[in-house]
file structure.txt (compact mmCIF, C-alpha atoms)
# COMPACT_ATOMS: atom_id res chain seq x y z
CA MET A 24 17.89 -41.53 105.39
CA GLY A 25 20.31 -41.44 102.48
CA LYS A 26 23.30 -39.33 101.59
CA VAL A 27 23.45 -36.70 98.84
CA ILE A 28 26.81 -36.56 97.11
CA VAL A 29 27.54 -33.91 94.46
CA ILE A 30 30.16 -34.65 91.78
CA THR A 31 31.76 -31.39 90.69
CA SER A 32 34.98 -30.08 89.16
CA GLY A 33 34.84 -26.52 87.86
CA LYS A 34 36.54 -27.50 84.66
CA GLY A 35 34.43 -29.09 81.93
CA GLY A 36 35.14 -32.43 80.35
CA VAL A 37 37.14 -34.00 83.18
CA GLY A 38 34.75 -36.86 83.92
CA LYS A 39 31.91 -35.70 86.18
CA THR A 40 29.19 -37.40 84.17
CA THR A 41 31.26 -40.54 83.60
CA THR A 42 32.00 -40.69 87.33
CA THR A 43 28.33 -40.12 88.26
CA ALA A 44 27.25 -42.97 85.99
CA ASN A 45 29.95 -45.40 87.12
CA LEU A 46 29.82 -44.54 90.80
CA GLY A 47 26.02 -44.85 90.74
CA ALA A 48 26.17 -48.20 88.97
CA GLY A 49 29.06 -49.32 91.22
CA LEU A 50 27.03 -48.60 94.36
CA ALA A 51 23.97 -50.32 92.88
CA LEU A 52 26.13 -53.38 92.17
CA MET A 53 26.71 -53.45 95.94
CA GLN A 54 22.95 -53.65 96.48
CA LYS A 55 22.54 -50.00 97.44
CA LYS A 56 19.46 -48.05 96.36
CA VAL A 57 20.83 -45.25 94.16
CA VAL A 58 19.41 -42.34 92.18
CA MET A 59 21.58 -40.26 89.84
CA VAL A 60 20.39 -36.70 89.16
CA ASP A 61 21.48 -34.74 86.08
CA THR A 62 21.48 -31.02 86.88
CA ASP A 63 23.16 -29.90 83.66
CA ILE A 64 19.95 -28.44 82.28
CA GLY A 65 20.20 -27.69 78.59
CA LEU A 66 23.31 -29.81 78.08
CA ARG A 67 22.18 -33.14 79.47
CA ASN A 68 24.57 -36.06 79.03
CA LEU A 69 24.00 -38.45 81.92
CA ASP A 70 21.10 -40.14 80.14
CA VAL A 71 23.22 -40.75 77.02
CA VAL A 72 26.15 -42.16 78.97
CA LEU A 73 23.78 -44.60 80.70
CA GLY A 74 22.00 -45.57 77.49
CA LEU A 75 18.65 -44.39 78.88
CA GLU A 76 17.85 -41.44 76.60
CA ASN A 77 15.05 -43.21 74.74
CA ARG A 78 13.11 -43.71 77.94
CA ILE A 79 12.86 -40.09 79.08
CA VAL A 80 9.29 -38.87 79.42
CA TYR A 81 9.53 -36.37 82.28
CA ASP A 82 12.59 -34.55 83.60
CA ILE A 83 13.82 -32.58 86.62
CA VAL A 84 12.11 -29.36 85.50
CA ASP A 85 8.76 -31.18 85.22
CA VAL A 86 9.26 -32.49 88.76
CA VAL A 87 10.04 -29.12 90.38
CA ASN A 88 7.21 -27.42 88.47
CA GLU A 89 4.89 -30.23 89.61
CA ASN A 90 3.87 -31.22 86.06
CA CYS A 91 4.35 -34.82 87.17
CA ARG A 92 5.04 -36.88 90.27
CA LEU A 93 8.67 -37.64 91.12
CA LYS A 94 8.09 -41.37 90.54
CA GLN A 95 6.93 -40.70 86.98
CA ALA A 96 10.17 -38.94 86.10
CA LEU A 97 12.54 -41.54 87.60
CA ILE A 98 13.86 -44.00 85.05
CA LYS A 99 14.74 -47.43 86.40
CA ASP A 100 17.87 -48.95 84.92
CA LYS A 101 16.85 -52.46 83.88
CA ARG A 102 20.37 -53.84 84.26
CA LEU A 103 20.42 -53.45 88.03
CA GLN A 104 18.19 -53.93 91.04
CA ASP A 105 17.90 -50.39 92.37
CA LEU A 106 19.48 -47.83 90.08
CA TYR A 107 17.44 -44.85 88.94
CA LEU A 108 18.04 -41.75 86.84
CA LEU A 109 16.36 -38.35 87.14
CA PRO A 110 17.24 -36.73 83.82
CA ALA A 111 17.80 -33.04 83.13
CA ALA A 112 15.70 -31.07 80.64
CA GLN A 113 17.27 -30.46 77.28
CA THR A 114 15.06 -27.69 75.90
CA ARG A 115 15.47 -25.37 78.89
CA ASP A 116 18.50 -23.83 80.62
CA LYS A 117 19.90 -23.56 84.11
CA THR A 118 17.55 -20.75 85.14
CA ALA A 119 14.64 -23.22 84.94
CA ILE A 120 15.11 -24.33 88.54
CA ASN A 121 16.12 -22.43 91.67
CA ALA A 122 18.02 -23.30 94.84
CA GLU A 123 14.89 -23.76 97.00
CA GLN A 124 13.43 -26.26 94.53
CA MET A 125 16.72 -28.18 94.43
CA LYS A 126 16.91 -28.30 98.22
CA LYS A 127 13.40 -29.73 98.45
CA LEU A 128 14.09 -32.25 95.69
CA CYS A 129 17.24 -33.51 97.45
CA ALA A 130 15.36 -33.78 100.75
CA ASP A 131 12.61 -35.83 99.05
CA LEU A 132 15.11 -38.11 97.29
CA LYS A 133 17.08 -38.73 100.51
CA GLU A 134 13.98 -40.34 102.03
CA GLU A 135 13.77 -42.98 99.29
CA PHE A 136 17.38 -43.75 98.42
CA ASP A 137 20.65 -44.78 100.10
CA TYR A 138 22.67 -42.55 97.78
CA VAL A 139 21.68 -39.54 95.70
CA ILE A 140 24.47 -38.75 93.25
CA ILE A 141 24.23 -35.30 91.65
CA ASP A 142 25.98 -34.64 88.36
CA CYS A 143 26.97 -30.96 88.59
CA PRO A 144 27.49 -28.84 85.46
CA ALA A 145 30.85 -27.21 84.72
CA GLY A 146 31.37 -23.64 85.93
CA ILE A 147 30.85 -21.68 89.12
CA GLU A 148 27.54 -19.89 88.47
CA THR A 149 23.85 -20.77 88.86
CA GLY A 150 24.13 -24.36 87.65
CA PHE A 151 26.91 -25.11 90.15
CA ARG A 152 25.20 -23.26 93.01
CA ASN A 153 21.94 -25.14 92.43
CA ALA A 154 23.69 -28.51 92.24
CA ILE A 155 25.48 -28.12 95.58
CA VAL A 156 22.69 -26.57 97.63
CA GLY A 157 21.16 -29.88 98.77
CA ALA A 158 24.36 -31.89 99.06
CA ASP A 159 25.80 -33.50 102.20
CA GLU A 160 29.18 -34.25 100.65
CA ALA A 161 31.15 -33.32 97.58
CA ILE A 162 33.55 -35.19 95.35
CA VAL A 163 35.84 -33.08 93.16
CA ILE A 164 37.08 -34.54 89.87
CA ALA A 165 40.40 -33.31 88.47
CA THR A 166 42.67 -34.49 85.69
CA PRO A 167 46.46 -34.17 86.06
CA GLU A 168 46.63 -30.93 84.10
CA VAL A 169 47.45 -27.43 85.32
CA SER A 170 44.16 -25.94 84.10
CA SER A 171 42.07 -28.67 85.71
CA VAL A 172 43.92 -28.37 89.05
CA ARG A 173 43.56 -24.57 89.00
CA ASP A 174 39.79 -24.86 88.48
CA ALA A 175 39.47 -27.64 91.05
CA ASP A 176 41.23 -25.42 93.60
CA ARG A 177 38.72 -22.65 92.90
CA ILE A 178 35.81 -25.05 93.27
CA ILE A 179 37.14 -26.42 96.57
CA GLY A 180 37.32 -22.84 97.88
CA LEU A 181 33.69 -22.27 96.85
CA LEU A 182 32.58 -25.59 98.38
CA GLU A 183 34.27 -24.76 101.67
CA ALA A 184 32.61 -21.32 101.65
CA ALA A 185 29.25 -23.07 101.14
CA GLU A 186 29.93 -25.23 104.23
CA LEU A 187 30.55 -28.38 102.17
CA ARG A 188 33.69 -29.09 104.13
CA GLN A 189 36.30 -31.72 103.37
CA PRO A 190 35.40 -32.56 99.77
CA LYS A 191 37.14 -35.64 98.43
CA LEU A 192 39.23 -35.89 95.28
CA ILE A 193 39.14 -38.30 92.35
CA ILE A 194 42.08 -38.00 89.98
CA ASN A 195 40.84 -38.97 86.53
CA ARG A 196 42.61 -39.89 83.28
CA ILE A 197 46.04 -40.38 84.75
CA ARG A 198 48.72 -41.82 82.44
CA THR A 199 51.39 -43.49 84.51
CA LYS A 200 54.04 -43.50 81.75
CA MET A 201 53.73 -39.73 81.31
CA VAL A 202 53.92 -39.17 85.05
CA GLN A 203 57.10 -41.27 85.21
CA SER A 204 58.70 -39.37 82.33
CA GLY A 205 57.84 -36.08 84.03
CA ASP A 206 55.42 -34.94 81.31
CA MET A 207 52.33 -35.16 83.48
CA MET A 208 51.53 -34.04 87.04
CA GLY A 209 51.58 -36.87 89.55
CA VAL A 210 49.37 -37.65 92.50
CA THR A 211 51.68 -35.92 95.03
CA ASP A 212 51.90 -32.76 92.90
CA MET A 213 48.12 -32.53 92.78
CA LEU A 214 47.62 -33.26 96.48
CA ASP A 215 50.26 -30.61 97.36
CA ILE A 216 48.11 -27.96 95.76
CA LEU A 217 44.60 -29.22 96.41
CA ALA A 218 45.22 -30.52 99.95
CA ILE A 219 42.08 -32.66 100.25
CA ASP A 220 41.63 -36.39 100.82
CA LEU A 221 41.98 -38.69 97.84
CA VAL A 222 39.17 -41.20 97.29
CA GLY A 223 40.42 -42.74 94.05
CA ILE A 224 42.53 -42.63 90.89
CA VAL A 225 41.13 -43.62 87.50
CA PRO A 226 43.52 -44.41 84.63
CA ASP A 227 43.07 -42.98 81.15
CA ASP A 228 41.74 -45.80 79.00
CA ASP A 229 40.04 -46.37 75.65
CA ALA A 230 37.46 -48.45 77.52
CA ILE A 231 35.79 -45.22 78.70
CA VAL A 232 35.28 -43.87 75.17
CA ILE A 233 33.73 -47.16 74.12
CA SER A 234 31.52 -47.44 77.18
CA THR A 235 30.15 -43.89 77.05
CA ASN A 236 29.36 -44.18 73.36
CA ARG A 237 27.58 -47.48 73.90
CA GLY A 238 25.69 -46.29 76.95
CA GLU A 239 27.14 -49.07 79.09
CA PRO A 240 28.94 -47.91 82.24
CA THR A 241 32.41 -49.44 82.34
CA VAL A 242 31.91 -50.79 85.87
CA PHE A 243 29.94 -53.65 84.31
CA ASP A 244 33.07 -54.82 82.47
CA GLU A 245 35.23 -57.16 84.57
CA ASN A 246 38.29 -56.54 82.39
CA SER A 247 38.13 -52.75 82.33
CA ARG A 248 40.79 -50.99 84.42
CA PRO A 249 38.79 -47.78 84.88
CA GLY A 250 35.87 -50.06 85.74
CA GLN A 251 37.95 -51.63 88.51
CA ALA A 252 38.97 -48.17 89.72
CA TYR A 253 35.33 -47.05 89.91
CA ARG A 254 34.30 -50.25 91.71
CA ASN A 255 37.04 -49.54 94.26
CA ILE A 256 35.82 -45.96 94.70
CA ALA A 257 32.28 -47.22 95.32
CA LYS A 258 33.65 -49.52 98.03
CA ARG A 259 35.51 -46.65 99.67
CA ILE A 260 32.37 -44.50 99.62
CA VAL A 261 30.50 -47.12 101.66
CA GLY A 262 33.38 -47.26 104.11
CA GLU A 263 35.55 -50.19 103.01
CA THR A 264 39.32 -49.80 102.83
CA VAL A 265 40.63 -50.66 99.38
CA GLU A 266 44.24 -50.39 98.23
CA LEU A 267 44.96 -48.07 95.31
CA MET A 268 45.27 -49.99 92.04
CA ASP A 269 48.67 -50.61 90.53
CA LEU A 270 48.54 -48.28 87.56
CA GLU A 271 51.67 -49.50 85.78
CA GLU A 272 50.54 -49.67 82.18
CA THR A 273 50.36 -53.28 81.03
CA VAL A 274 53.29 -53.96 78.72
CA GLY A 275 51.85 -56.82 76.70
CA PHE A 276 53.67 -59.74 75.03
CA TRP A 277 55.71 -57.80 72.45
CA GLY A 278 56.70 -55.20 75.02
CA LYS A 279 58.10 -57.91 77.29
CA PHE A 280 59.83 -59.54 74.30
CA LYS A 281 61.51 -56.28 73.27
CA SER A 282 62.61 -55.43 76.81
CA LEU A 283 64.21 -58.89 77.02
CA PHE A 284 66.48 -58.06 74.05
CA SER A 285 67.23 -54.52 75.10
CA ARG A 286 68.78 -55.81 78.32
CA GLU A 287 71.65 -57.56 76.42
CA MET B 27 63.48 0.48 112.72
CA GLN B 28 60.07 -0.72 113.80
CA ASN B 29 57.24 -1.38 111.44
CA LEU B 30 54.21 0.12 113.16
CA LYS B 31 51.59 -0.96 110.67
CA PRO B 32 48.85 -3.28 111.88
CA THR B 33 49.34 -6.93 110.97
CA ILE B 34 46.77 -9.58 110.13
CA LEU B 35 47.40 -13.30 110.52
CA ILE B 36 45.63 -15.68 108.15
CA ASN B 37 45.56 -19.16 109.58
CA ARG B 38 44.92 -21.16 106.42
CA SER B 39 45.95 -21.51 102.79
CA LEU B 40 44.42 -19.31 100.12
CA ARG B 41 42.80 -21.16 97.26
CA SER B 42 42.49 -19.98 93.67
CA GLY B 43 40.05 -17.07 93.42
CA GLN B 44 40.42 -16.01 97.06
CA ASN B 45 42.05 -12.70 97.92
CA ILE B 46 43.22 -10.65 100.85
CA ASN B 47 43.35 -6.85 100.76
CA TYR B 48 44.81 -5.26 103.88
CA ASP B 49 46.16 -1.91 104.96
CA GLY B 50 49.10 -3.25 106.91
CA ASN B 51 51.25 -6.39 106.96
CA VAL B 52 49.89 -9.82 106.09
CA VAL B 53 51.17 -13.12 107.48
CA ILE B 54 49.77 -16.32 106.01
CA LEU B 55 50.24 -19.63 107.80
CA GLY B 56 49.71 -21.74 104.73
CA ASP B 57 50.10 -21.66 100.96
CA VAL B 58 48.97 -19.02 98.50
CA ASN B 59 47.82 -21.08 95.52
CA ALA B 60 48.02 -19.90 91.92
CA GLY B 61 44.97 -17.77 91.21
CA ALA B 62 44.90 -16.33 94.75
CA GLU B 63 45.93 -12.71 95.46
CA VAL B 64 47.38 -10.89 98.43
CA VAL B 65 47.50 -7.10 98.35
CA ALA B 66 48.94 -5.30 101.37
CA SER B 67 50.25 -1.82 102.10
CA GLY B 68 53.01 -3.42 104.20
CA ASN B 69 55.01 -6.64 104.10
CA ILE B 70 53.71 -10.02 103.04
CA ILE B 71 55.00 -13.16 104.71
CA VAL B 72 53.89 -16.58 103.49
CA VAL B 73 54.83 -19.45 105.81
CA GLY B 74 54.30 -21.91 103.00
CA ALA B 75 54.41 -21.98 99.22
CA LEU B 76 53.74 -18.72 97.42
CA ARG B 77 52.35 -19.64 94.00
CA GLY B 78 49.89 -16.82 93.43
CA LEU B 79 49.97 -13.07 92.98
CA VAL B 80 51.30 -10.71 95.66
CA HIS B 81 51.49 -6.95 95.88
CA ALA B 82 53.33 -5.55 98.87
CA GLY B 83 53.69 -1.84 99.51
CA ALA B 84 50.48 -1.37 97.56
CA THR B 85 50.08 2.25 98.73
CA GLY B 86 53.60 3.18 97.68
CA ALA B 87 56.00 2.02 100.40
CA GLU B 88 59.20 0.66 98.84
CA ASP B 89 60.88 -0.49 102.05
CA VAL B 90 58.73 -3.58 102.34
CA SER B 91 59.46 -7.17 101.44
CA ILE B 92 57.80 -10.43 100.52
CA ILE B 93 59.06 -13.57 102.22
CA ALA B 94 57.99 -17.12 101.55
CA LEU B 95 59.25 -20.62 102.37
CA SER B 96 58.92 -21.35 98.68
CA LEU B 97 58.81 -18.34 96.39
CA THR B 98 57.30 -19.33 93.03
CA PRO B 99 54.70 -16.63 92.40
CA VAL B 100 52.81 -15.86 89.23
CA GLN B 101 53.69 -12.18 89.68
CA ILE B 102 55.35 -10.07 92.34
CA CYS B 103 54.68 -6.36 92.87
CA ILE B 104 56.37 -4.11 95.35
CA ALA B 105 55.02 -0.54 95.32
CA ALA B 106 54.98 0.28 91.60
CA HIS B 107 57.56 -2.31 90.53
CA ILE B 108 56.22 -5.47 88.97
CA THR B 109 58.14 -8.57 88.04
CA ARG B 110 57.61 -12.23 87.24
CA PRO B 111 59.67 -15.40 87.38
CA PRO B 112 62.22 -15.91 84.58
CA ASP B 113 60.66 -17.34 81.42
CA GLY B 114 61.14 -21.00 80.69
CA GLY B 115 63.13 -21.90 83.78
CA HIS B 116 61.72 -24.16 86.46
CA HIS B 117 62.36 -22.43 89.74
CA LEU B 118 64.16 -24.89 91.99
CA ALA B 119 61.58 -26.05 94.47
CA ASP B 120 64.00 -26.51 97.35
CA SER B 121 65.79 -23.18 97.24
CA GLY B 122 64.61 -22.63 100.79
CA ALA B 123 63.10 -19.47 102.22
CA GLU B 124 63.52 -16.47 99.95
CA MET B 125 62.82 -12.77 100.18
CA ALA B 126 61.86 -10.27 97.51
CA PHE B 127 62.67 -6.58 98.04
CA ILE B 128 63.69 -3.46 96.16
CA ARG B 129 67.34 -2.71 95.58
CA ASP B 130 68.47 0.07 93.24
CA GLY B 131 64.98 0.54 91.90
CA LYS B 132 64.43 -3.10 90.94
CA VAL B 133 62.79 -6.07 92.59
CA VAL B 134 65.40 -8.63 93.59
CA ILE B 135 64.95 -12.06 95.12
CA GLU B 136 67.53 -13.51 97.46
CA LYS B 137 67.83 -16.31 99.94
CA TYR B 138 66.25 -15.16 103.18
CA GLN B 139 68.71 -14.41 105.95
CA THR B 140 67.73 -13.37 109.46
CA PRO B 141 68.77 -9.75 109.92
CA LYS B 142 71.85 -9.44 112.13
call {"tool": "encode", "arguments": {"input": "structure.txt", "output": "structure tokens"}}
result
Amino acid sequence: MGKVIVITSGKGGVGKTTTTANLGAGLALMQKKVVMVDTDIGLRNLDVVLGLENRIVYDIVDVVNENCRLKQALIKDKRLQDLYLLPAAQTRDKTAINAEQMKKLCADLKEEFDYVIIDCPAGIETGFRNAIVGADEAIVIATPEVSSVRDADRIIGLLEAAELRQPKLIINRIRTKMVQSGDMMGVTDMLDILAIDLVGIVPDDDAIVISTNRGEPTVFDENSRPGQAYRNIAKRIVGETVELMDLEETVGFWGKFKSLFSRE
Amino acid sequence: MQNLKPTILINRSLRSGQNINYDGNVVILGDVNAGAEVVASGNIIVVGALRGLVHAGATGAEDVSIIALSLTPVQICIAAHITRPPDGGHHLADSGAEMAFIRDGKVVIEKYQTPK
């Protein structure tokens, strides 16, 4: 019997889809059987970020309306042993499925997979309510910005009210230099307000832009720092203890050279 | 002088979007996050950080106060008097417990001192 984890945030554009893709791939790299479910009906992105959009024949709406069998809609990622995607529909909207259908779908998927990762849409209405209804656990994504933290706080309140207690936090797109200069919220500032357990910190990095545009999750790249962060998060999800990465931005050769002279 | 209004004790922090409306005094053992609201006809006491919106004396009483371990609200209302933190300035986080009350028709905020 697997675990259903919903990735949510409230605020849009903070990294739910990127996290779903990389956490799913990260867990599959550890030989887990994983399915990622896109519930952002009408604004589907998970398929694009995984590079699987050309292989969509059936989607989640077809499955709940019984136009096809679940197996027919699941797309197997050829890069990994046991990673599957259940895509959202693009030509419908969030009213196309209801909470009961989502609950049943999650129950069915739990039987077949170790981890069911649900990519939740932004917002607090129907899309959000449907995405959380079948979940066992929640992970909240927030960036170190006042608006993102405010929305994350709201979402945590709604999750707790829906009995999804003790959601975990991923801080995404942190820029260590800006935190040090006081221009960006730091980890402690965010935890003071949100008061939930931290499961990982992902640095802001160009590698993400490149990977999402190419449809290649950054966890596959050994040299990618966000990739390393996501691999660590996957390890923590399965229960391993992993130290938080050192997020000091790499200075590079010329940086070290300049700092040598500035000391004189 | 005794305050004979009923008092409710909230044993947790309030998150953004949550609110408390009470005819009486409200004591919160936790924080009031930005985006949360507390409206009470009596006093409001936050044993934690007050970052949200509070309205004490909501039915007109002006002899009520708002006390918090850290008073950095979005807005403060007592009876019909509304005020907000000074523009631009960062309120010093470790000013200690502070109290907001009405003096000479205005809301003032001072360091909290136990009444003698």
call {"tool": "interface_residues", "arguments": {"input": "structure.txt", "of": "chain A", "to": "chain B", "cutoff": "7 Å", "atoms": "all atoms listed in the file", "output": "PDB file with C-alpha atoms, in the coordinates of the input"}}
result
ATOM      1  CA  ARG A 173      43.560 -24.570  89.000  1.00  0.00           C
ATOM      2  CA  ASP A 176      41.230 -25.420  93.600  1.00  0.00           C
ATOM      3  CA  ARG A 177      38.720 -22.650  92.900  1.00  0.00           C
ATOM      4  CA  GLY A 180      37.320 -22.840  97.880  1.00  0.00           C
ATOM      5  CA  ILE A 216      48.110 -27.960  95.760  1.00  0.00           C
TER       6      ILE A 216
END
call {"tool": "atom_distance", "arguments": {"input": "structure.txt", "atom1": "atom CA of B:Leu76", "atom2": "atom CA of B:Lys132"}}
result
20.0 Å
call {"tool": "atom_distance", "arguments": {"input": "structure.txt", "atom1": "atom CA of B:Ala123", "atom2": "atom CA of A:Gly205"}}
result
25.2 Å
call {"tool": "closest_atom_pairs", "arguments": {"input": "structure.txt", "of": "stretch 34-97 of chain A", "to": "stretch 217-241 of chain A", "cutoff": "9 Å", "atoms": "all atoms listed in the file", "output": "Markdown table"}}
result
| residue | atom | partner | partner_atom | distance |
| --- | --- | --- | --- | --- |
| A:Thr41 | CA | A:Thr235 | CA | 7.4 |
| A:Ala44 | CA | A:Pro240 | CA | 6.4 |
| A:Asn45 | CA | A:Pro240 | CA | 5.6 |
| A:Ala48 | CA | A:Pro240 | CA | 7.3 |
| A:Asp70 | CA | A:Gly238 | CA | 8.3 |
| A:Val71 | CA | A:Gly238 | CA | 6.1 |
| A:Val72 | CA | A:Gly238 | CA | 4.6 |
| A:Leu73 | CA | A:Gly238 | CA | 4.5 |
| A:Gly74 | CA | A:Gly238 | CA | 3.8 |
| A:Leu75 | CA | A:Gly238 | CA | 7.5 |
call {"tool": "residues_near_point", "arguments": {"input": "structure.txt", "point": "(64.3, -5.4, 101.1)", "cutoff": "9 Å", "atoms": "only C-alpha atoms", "output": "mmCIF file with C-alpha atoms, in the frame of the given file"}}
result
data_model
loop_
_atom_site.group_PDB
_atom_site.id
_atom_site.type_symbol
_atom_site.label_atom_id
_atom_site.label_comp_id
_atom_site.auth_asym_id
_atom_site.auth_seq_id
_atom_site.Cartn_x
_atom_site.Cartn_y
_atom_site.Cartn_z
ATOM 1 C CA GLU B 88 59.200 0.660 98.840
ATOM 2 C CA ASP B 89 60.880 -0.490 102.050
ATOM 3 C CA VAL B 90 58.730 -3.580 102.340
ATOM 4 C CA SER B 91 59.460 -7.170 101.440
ATOM 5 C CA ILE B 92 57.800 -10.430 100.520
ATOM 6 C CA MET B 125 62.820 -12.770 100.180
ATOM 7 C CA ALA B 126 61.860 -10.270 97.510
ATOM 8 C CA PHE B 127 62.670 -6.580 98.040
ATOM 9 C CA ILE B 128 63.690 -3.460 96.160
ATOM 10 C CA ARG B 129 67.340 -2.710 95.580
ATOM 11 C CA VAL B 133 62.790 -6.070 92.590
ATOM 12 C CA VAL B 134 65.400 -8.630 93.590
ATOM 13 C CA ILE B 135 64.950 -12.060 95.120
#
call {"tool": "closest_residue", "arguments": {"input": "structure.txt", "among": "B:Ala87, B:Ala106, B:Ile36, B:Val100", "to": "B:Glu63", "atoms": "all atoms listed in the file"}}
result
B:Val100
call {"tool": "atom_distance", "arguments": {"input": "structure.txt", "atom1": "atom CA of A:Glu183", "atom2": "atom CA of A:Arg152"}}
result
12.6 Å
call {"tool": "closest_residue", "arguments": {"input": "structure.txt", "among": "A:Ser204, A:Glu123, A:Gly49, A:Lys56", "to": "A:Asp244", "atoms": "only C-alpha atoms"}}
result
A:Gly49
call {"tool": "residues_around", "arguments": {"input": "structure.txt", "residues": "stretch 197-202 of chain A", "least_positions_apart": "5", "cutoff": "12 Å", "atoms": "only C-alpha atoms", "output": "PyMOL selection string"}}
result
chain A and resi 37-38+164-168+207-213+223-229+248-249+252+268-274
call {"tool": "closest_residue", "arguments": {"input": "structure.txt", "among": "B:Val52, B:Gly122, B:Leu95, B:Asn45", "to": "B:Gly78", "atoms": "only C-alpha atoms"}}
result
B:Asn45
call {"tool": "closest_residue", "arguments": {"input": "structure.txt", "among": "A:Leu106, A:Val265, A:Leu93, A:Lys34", "to": "A:Tyr138", "atoms": "all atoms listed in the file"}}
result
A:Leu106
call {"tool": "closest_residue", "arguments": {"input": "structure.txt", "among": "A:Leu192, A:Val84, A:Leu214, A:Ala51", "to": "A:Arg102", "atoms": "only C-alpha atoms"}}
result
A:Ala51
call {"tool": "decode", "arguments": {"input": "structure.txt", "residues": "stretch 76-101 of chain B", "atoms": "C-alpha atoms", "output": "PDB file, in the first residue's frame"}}
result
ATOM      1  CA  LEU B  76       0.889  39.792  16.869  1.00  0.00           C
ATOM      2  CA  ARG B  77       1.354  40.271  13.124  1.00  0.00           C
ATOM      3  CA  GLY B  78      -2.246  40.366  11.949  1.00  0.00           C
ATOM      4  CA  LEU B  79      -5.290  42.557  12.399  1.00  0.00           C
ATOM      5  CA  VAL B  80      -6.895  43.165  15.802  1.00  0.00           C
ATOM      6  CA  HIS B  81      -9.976  45.065  16.858  1.00  0.00           C
ATOM      7  CA  ALA B  82     -10.548  45.365  20.588  1.00  0.00           C
ATOM      8  CA  GLY B  83     -13.552  47.126  22.070  1.00  0.00           C
ATOM      9  CA  ALA B  84     -15.406  46.285  18.878  1.00  0.00           C
ATOM     10  CA  THR B  85     -18.790  47.204  20.388  1.00  0.00           C
ATOM     11  CA  GLY B  86     -17.577  50.599  21.552  1.00  0.00           C
ATOM     12  CA  ALA B  87     -15.675  50.125  24.822  1.00  0.00           C
ATOM     13  CA  GLU B  88     -12.639  52.426  24.921  1.00  0.00           C
ATOM     14  CA  ASP B  89     -11.186  51.210  28.214  1.00  0.00           C
ATOM     15  CA  VAL B  90      -9.774  48.053  26.687  1.00  0.00           C
ATOM     16  CA  SER B  91      -6.261  47.226  25.575  1.00  0.00           C
ATOM     17  CA  ILE B  92      -4.293  44.988  23.275  1.00  0.00           C
ATOM     18  CA  ILE B  93      -1.207  43.309  24.689  1.00  0.00           C
ATOM     19  CA  ALA B  94       1.289  41.168  22.837  1.00  0.00           C
ATOM     20  CA  LEU B  95       4.786  39.801  23.455  1.00  0.00           C
ATOM     21  CA  SER B  96       5.687  41.230  20.071  1.00  0.00           C
ATOM     22  CA  LEU B  97       3.389  43.939  18.751  1.00  0.00           C
ATOM     23  CA  THR B  98       3.845  44.268  14.973  1.00  0.00           C
ATOM     24  CA  PRO B  99       0.270  44.236  13.657  1.00  0.00           C
ATOM     25  CA  VAL B 100      -0.983  45.101  10.204  1.00  0.00           C
ATOM     26  CA  GLN B 101      -3.647  47.296  11.805  1.00  0.00           C
TER      27      GLN B 101
END
